[in-house]
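Reviewing the structure listed below.
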Amino acid sequence: AIVMFMVWLVFGILGMQLFSGAYRFCTNRLIKDEDECLLAGEQWERWPINFDNIAFAVQSLFMCAMLVGWRDIADRAVATTHQLAALFFVVFILVGNLFLMSTVIGSVLDSFQKQKAQVDGSVWLTETQREYVRTSQLLAKMKPRPQLLVITDKTSKIRVWLFRLCQWQWFDTIIITIIVLNTVFLSLDYWGKPDWLADVLYVANLTFVVIFTLEAIIKIGAIGFRKYWYVGANKFDFFIVVASLVALLPINSGPSVNLFRILRIFRVFRLVNKVKGLKKLFTTLLWSLPAIYNIGSLVVVLMFSFSILGMSLWGKIPQDGVNFHTYANFETFPI
């Protein structure tokens, strides 16, 4: 914090030297020159954001650091001084914002890791939640995996062939490739597309539905529906297949039909089960839900507190249509 304050102080003083008195405007916005403004009987006033003193300079730098209107601040400096003035703001954002913020975040994470080691888990979890996470992880490791298929002399040759097809080393790779292609085709859709593209997307969607349906049939035929349904990922795949088939039914459009068509997007989440790295990330995310809930609760409390404070301080400021309007004001709590 001390280092950040010193850097901001240096940039603030430098900004005062470069742009002090530069942020002025005439009450008649058509006039840009001070002498002309005064001769016309207008007022030559100061912008609320300026570098006239260290307080205003730090305020202006804060807005630049938050990337709120920094382009307007920089454009004003360029218009009244020199084009190279833009370098001042670029350098400040890189050094005074991104670099220093990364340093602060690194310090926070370092302290977080130390506290995490002390409490044997996550700082953001209660003891009950930590016990829940540990139990979930233990159950996930202890969950028995059923034997997919016991091949005997009585086993159908078709079933054996389907099982070996599922175990083929390229089977999952082909399915992953098809899922990626399906995602690409879904992203090609847009409003007002030509008829030929609509036909291509329809045929592509029909092809993908057939392939995913065949995949489910092959797996069910290989290991049986009971063992197929035992795996949670297969339940999700089966649900997506059924939803895709329902979306193809020749019935009138409606909310329910559109819902099934929207569910096609969730095909991409099948990659979570196919790619080991994504599966680990998704599992970690599930185990982090209690901590996310606690952090979210803290954020809600802070937003609630600052909303009430904003209503108390600025609730009676009239709307000007620019800074305060129907969708941005402090008159009521929801806004």
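Simple scheme: letters A, B, ... for chains in structure tokens order, numbers from 1 for residues in each chain, numbers from 1 for ligands in the order shown.
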
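Non-sequential neighbours of Asn53 of chain A (distance at most 9 Å, separation of 5 or more positions within a chain, only C-alpha atoms) are Gly12, Ile13, Met16, Ser20 and Val58 of chain A.
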
Close residues, Leu309 of chain A itself excluded, 10 Å, only C-alpha atoms, min 6 positions apart in chain, as a list in words: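 These residues fall inside the cut-off: Met303, Gly315 and Phe330 of chain A.
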
Distance criterion (only C-alpha atoms): nearest to Val241 of chain A out of A:Trp8, A:Phe89, A:Phe212, A:Tyr228: A:Phe212

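Between atom CA of Ile295 of chain A and atom CA of Gly277 of chain A the separation is 25.4 Å.
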
Nearby residues (only C-alpha atoms) at most 12 Å from Val91 of chain A, same-chain spacing under 3 positions excluded, as an MDAnalysis selection string: chainID A and resid 7:8 11 61 64:65 74 84:88 94:99

Could you save the residues just selected, with N, CA and C atoms, as a PDB file, in the first residue's frame?
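Wrote result32.pdb, looks like this:
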```
ATOM      1  N   VAL A   7       3.882   5.694  -5.661  1.00  0.00           N
ATOM      2  CA  VAL A   7       3.828   5.741  -7.122  1.00  0.00           C
ATOM      3  C   VAL A   7       2.721   6.676  -7.581  1.00  0.00           C
ATOM      4  N   TRP A   8       1.560   6.578  -6.943  1.00  0.00           N
ATOM      5  CA  TRP A   8       0.458   7.461  -7.304  1.00  0.00           C
ATOM      6  C   TRP A   8       0.807   8.917  -7.005  1.00  0.00           C
ATOM      7  N   PHE A  11       3.063  10.170  -9.809  1.00  0.00           N
ATOM      8  CA  PHE A  11       2.287  10.436 -11.020  1.00  0.00           C
ATOM      9  C   PHE A  11       1.371  11.642 -10.825  1.00  0.00           C
ATOM     10  N   LEU A  61      -6.374  10.315 -11.283  1.00  0.00           N
ATOM     11  CA  LEU A  61      -5.629   9.073 -11.452  1.00  0.00           C
ATOM     12  C   LEU A  61      -6.440   7.868 -10.990  1.00  0.00           C
ATOM     13  N   CYS A  64      -8.681   6.919 -13.723  1.00  0.00           N
ATOM     14  CA  CYS A  64      -7.915   6.234 -14.769  1.00  0.00           C
ATOM     15  C   CYS A  64      -7.583   4.808 -14.354  1.00  0.00           C
ATOM     16  N   ALA A  65      -7.234   4.633 -13.083  1.00  0.00           N
ATOM     17  CA  ALA A  65      -6.895   3.299 -12.596  1.00  0.00           C
ATOM     18  C   ALA A  65      -8.090   2.365 -12.646  1.00  0.00           C
ATOM     19  N   ALA A  74      -7.799  11.484 -20.918  1.00  0.00           N
ATOM     20  CA  ALA A  74      -6.608  11.533 -21.768  1.00  0.00           C
ATOM     21  C   ALA A  74      -6.848  12.393 -23.005  1.00  0.00           C
ATOM     22  N   LEU A  84       1.641  13.620 -27.249  1.00  0.00           N
ATOM     23  CA  LEU A  84       2.436  12.734 -26.400  1.00  0.00           C
ATOM     24  C   LEU A  84       1.897  12.656 -24.976  1.00  0.00           C
ATOM     25  N   ALA A  85       0.953  13.534 -24.640  1.00  0.00           N
ATOM     26  CA  ALA A  85       0.366  13.479 -23.301  1.00  0.00           C
ATOM     27  C   ALA A  85      -0.345  12.155 -23.058  1.00  0.00           C
ATOM     28  N   ALA A  86      -0.763  11.506 -24.133  1.00  0.00           N
ATOM     29  CA  ALA A  86      -1.440  10.214 -23.981  1.00  0.00           C
ATOM     30  C   ALA A  86      -0.515   9.173 -23.363  1.00  0.00           C
ATOM     31  N   LEU A  87       0.806   9.321 -23.587  1.00  0.00           N
ATOM     32  CA  LEU A  87       1.753   8.364 -23.016  1.00  0.00           C
ATOM     33  C   LEU A  87       1.717   8.388 -21.492  1.00  0.00           C
ATOM     34  N   PHE A  88       1.452   9.553 -20.922  1.00  0.00           N
ATOM     35  CA  PHE A  88       1.386   9.664 -19.465  1.00  0.00           C
ATOM     36  C   PHE A  88       0.324   8.715 -18.908  1.00  0.00           C
ATOM     37  N   LEU A  94      -0.374   1.125 -16.960  1.00  0.00           N
ATOM     38  CA  LEU A  94       0.470  -0.069 -16.951  1.00  0.00           C
ATOM     39  C   LEU A  94       1.232  -0.220 -15.642  1.00  0.00           C
ATOM     40  N   VAL A  95       1.784   0.883 -15.149  1.00  0.00           N
ATOM     41  CA  VAL A  95       2.626   0.824 -13.948  1.00  0.00           C
ATOM     42  C   VAL A  95       1.799   1.027 -12.683  1.00  0.00           C
ATOM     43  N   GLY A  96       1.039   2.109 -12.673  1.00  0.00           N
ATOM     44  CA  GLY A  96       0.314   2.464 -11.462  1.00  0.00           C
ATOM     45  C   GLY A  96      -0.925   1.647 -11.216  1.00  0.00           C
ATOM     46  N   ASN A  97      -1.383   0.926 -12.209  1.00  0.00           N
ATOM     47  CA  ASN A  97      -2.602   0.149 -12.027  1.00  0.00           C
ATOM     48  C   ASN A  97      -2.327  -1.344 -12.136  1.00  0.00           C
ATOM     49  N   LEU A  98      -1.994  -1.808 -13.339  1.00  0.00           N
ATOM     50  CA  LEU A  98      -1.873  -3.243 -13.561  1.00  0.00           C
ATOM     51  C   LEU A  98      -0.740  -3.859 -12.753  1.00  0.00           C
ATOM     52  N   PHE A  99       0.452  -3.247 -12.813  1.00  0.00           N
ATOM     53  CA  PHE A  99       1.598  -3.824 -12.116  1.00  0.00           C
ATOM     54  C   PHE A  99       1.406  -3.799 -10.604  1.00  0.00           C
TER      55      PHE A  99
END
```

Neighbour list for Leu271 of chain A as JSON, numbers by chain, cut-off 12 Å, only C-alpha atoms, skip fewer than 2 positions in-chain: {"A": [172, 173, 174, 175, 176, 177, 178, 179, 180, 181, 182, 183, 233, 236, 237, 266, 267, 268, 269, 273, 274, 275, 276, 277, 278, 279, 280, 281, 282]}

Just N, CA and C atoms for this one: save the residues we selected as a short mmCIF file (atom, residue, chain, number, x, y, z; two decimals), in the first residue's frame.
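Saved as selection16.cif:
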```
data_model
loop_
_atom_site.label_atom_id
_atom_site.label_comp_id
_atom_site.auth_asym_id
_atom_site.auth_seq_id
_atom_site.Cartn_x
_atom_site.Cartn_y
_atom_site.Cartn_z
N ASP A 172 -13.43 -42.14 -27.97
CA ASP A 172 -13.64 -40.88 -27.24
C ASP A 172 -13.07 -39.69 -28.00
N THR A 173 -11.95 -39.89 -28.70
CA THR A 173 -11.36 -38.80 -29.47
C THR A 173 -12.30 -38.34 -30.58
N ILE A 174 -12.94 -39.30 -31.23
CA ILE A 174 -13.89 -38.96 -32.30
C ILE A 174 -15.09 -38.22 -31.72
N ILE A 175 -15.59 -38.68 -30.58
CA ILE A 175 -16.74 -38.02 -29.96
C ILE A 175 -16.38 -36.60 -29.53
N ILE A 176 -15.18 -36.41 -28.97
CA ILE A 176 -14.75 -35.07 -28.57
C ILE A 176 -14.67 -34.15 -29.79
N THR A 177 -14.12 -34.67 -30.88
CA THR A 177 -14.03 -33.87 -32.11
C THR A 177 -15.41 -33.47 -32.61
N ILE A 178 -16.35 -34.39 -32.54
CA ILE A 178 -17.71 -34.10 -32.99
C ILE A 178 -18.37 -33.06 -32.08
N ILE A 179 -18.11 -33.14 -30.78
CA ILE A 179 -18.67 -32.15 -29.85
C ILE A 179 -18.12 -30.76 -30.17
N VAL A 180 -16.83 -30.68 -30.45
CA VAL A 180 -16.22 -29.40 -30.80
C VAL A 180 -16.81 -28.86 -32.10
N LEU A 181 -16.98 -29.73 -33.10
CA LEU A 181 -17.58 -29.31 -34.36
C LEU A 181 -19.02 -28.83 -34.14
N ASN A 182 -19.74 -29.53 -33.28
CA ASN A 182 -21.11 -29.12 -32.98
C ASN A 182 -21.14 -27.72 -32.36
N THR A 183 -20.18 -27.45 -31.48
CA THR A 183 -20.10 -26.12 -30.87
C THR A 183 -19.80 -25.05 -31.92
N ALA A 233 -22.34 -38.98 -15.67
CA ALA A 233 -22.10 -38.31 -16.95
C ALA A 233 -23.01 -38.88 -18.04
N PHE A 236 -26.42 -37.27 -17.92
CA PHE A 236 -26.43 -35.96 -18.57
C PHE A 236 -26.45 -36.12 -20.09
N ASP A 237 -25.63 -37.03 -20.62
CA ASP A 237 -25.61 -37.26 -22.07
C ASP A 237 -26.97 -37.73 -22.57
N PHE A 266 -25.95 -27.12 -24.35
CA PHE A 266 -25.28 -27.82 -23.26
C PHE A 266 -24.51 -29.04 -23.73
N ARG A 267 -24.56 -29.32 -25.03
CA ARG A 267 -23.74 -30.42 -25.53
C ARG A 267 -22.26 -30.16 -25.30
N VAL A 268 -21.87 -28.88 -25.31
CA VAL A 268 -20.46 -28.56 -25.13
C VAL A 268 -19.97 -29.00 -23.76
N PHE A 269 -20.88 -29.07 -22.77
CA PHE A 269 -20.47 -29.47 -21.43
C PHE A 269 -20.14 -30.96 -21.35
N ASN A 273 -16.66 -34.26 -19.17
CA ASN A 273 -16.46 -35.67 -18.83
C ASN A 273 -15.43 -36.33 -19.74
N LYS A 274 -15.25 -35.78 -20.93
CA LYS A 274 -14.34 -36.40 -21.88
C LYS A 274 -12.89 -35.99 -21.67
N VAL A 275 -12.67 -34.74 -21.27
CA VAL A 275 -11.31 -34.22 -21.08
C VAL A 275 -10.98 -34.25 -19.59
N LYS A 276 -9.91 -34.93 -19.23
CA LYS A 276 -9.57 -35.11 -17.81
C LYS A 276 -9.30 -33.79 -17.11
N GLY A 277 -8.60 -32.88 -17.79
CA GLY A 277 -8.30 -31.59 -17.18
C GLY A 277 -9.55 -30.81 -16.84
N LEU A 278 -10.51 -30.79 -17.77
CA LEU A 278 -11.77 -30.10 -17.52
C LEU A 278 -12.57 -30.78 -16.41
N LYS A 279 -12.48 -32.10 -16.36
CA LYS A 279 -13.21 -32.83 -15.33
C LYS A 279 -12.68 -32.48 -13.94
N LYS A 280 -11.36 -32.36 -13.82
CA LYS A 280 -10.77 -31.99 -12.53
C LYS A 280 -11.18 -30.57 -12.13
N LEU A 281 -11.17 -29.66 -13.12
CA LEU A 281 -11.58 -28.29 -12.82
C LEU A 281 -13.04 -28.22 -12.39
N PHE A 282 -13.89 -28.98 -13.07
CA PHE A 282 -15.31 -28.98 -12.73
C PHE A 282 -15.54 -29.57 -11.34
#
```

Pairwise distance for atom CA of Thr80 of chain A and atom CA of Tyr23 of chain A, rounded to one decimal in Å: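 Distance reported for this atom pair: 7.8 Å.
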
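Of note, atom CA of Pro318 of chain A and atom CA of Phe333 of chain A are spaced 15.8 Å apart.
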
Nearby residues (only C-alpha atoms) at most 7 Å from segment 159-169 of chain A, same-chain spacing under 6 positions excluded, as a list in words: Ile218, Lys219, Gly221, Ala222 and Ile223 of chain A

Shortest interatomic distance to Cys37 of chain A - which of A:His82, A:Arg24, A:Lys227, A:Lys316, counting only C-alpha atoms: A:Arg24
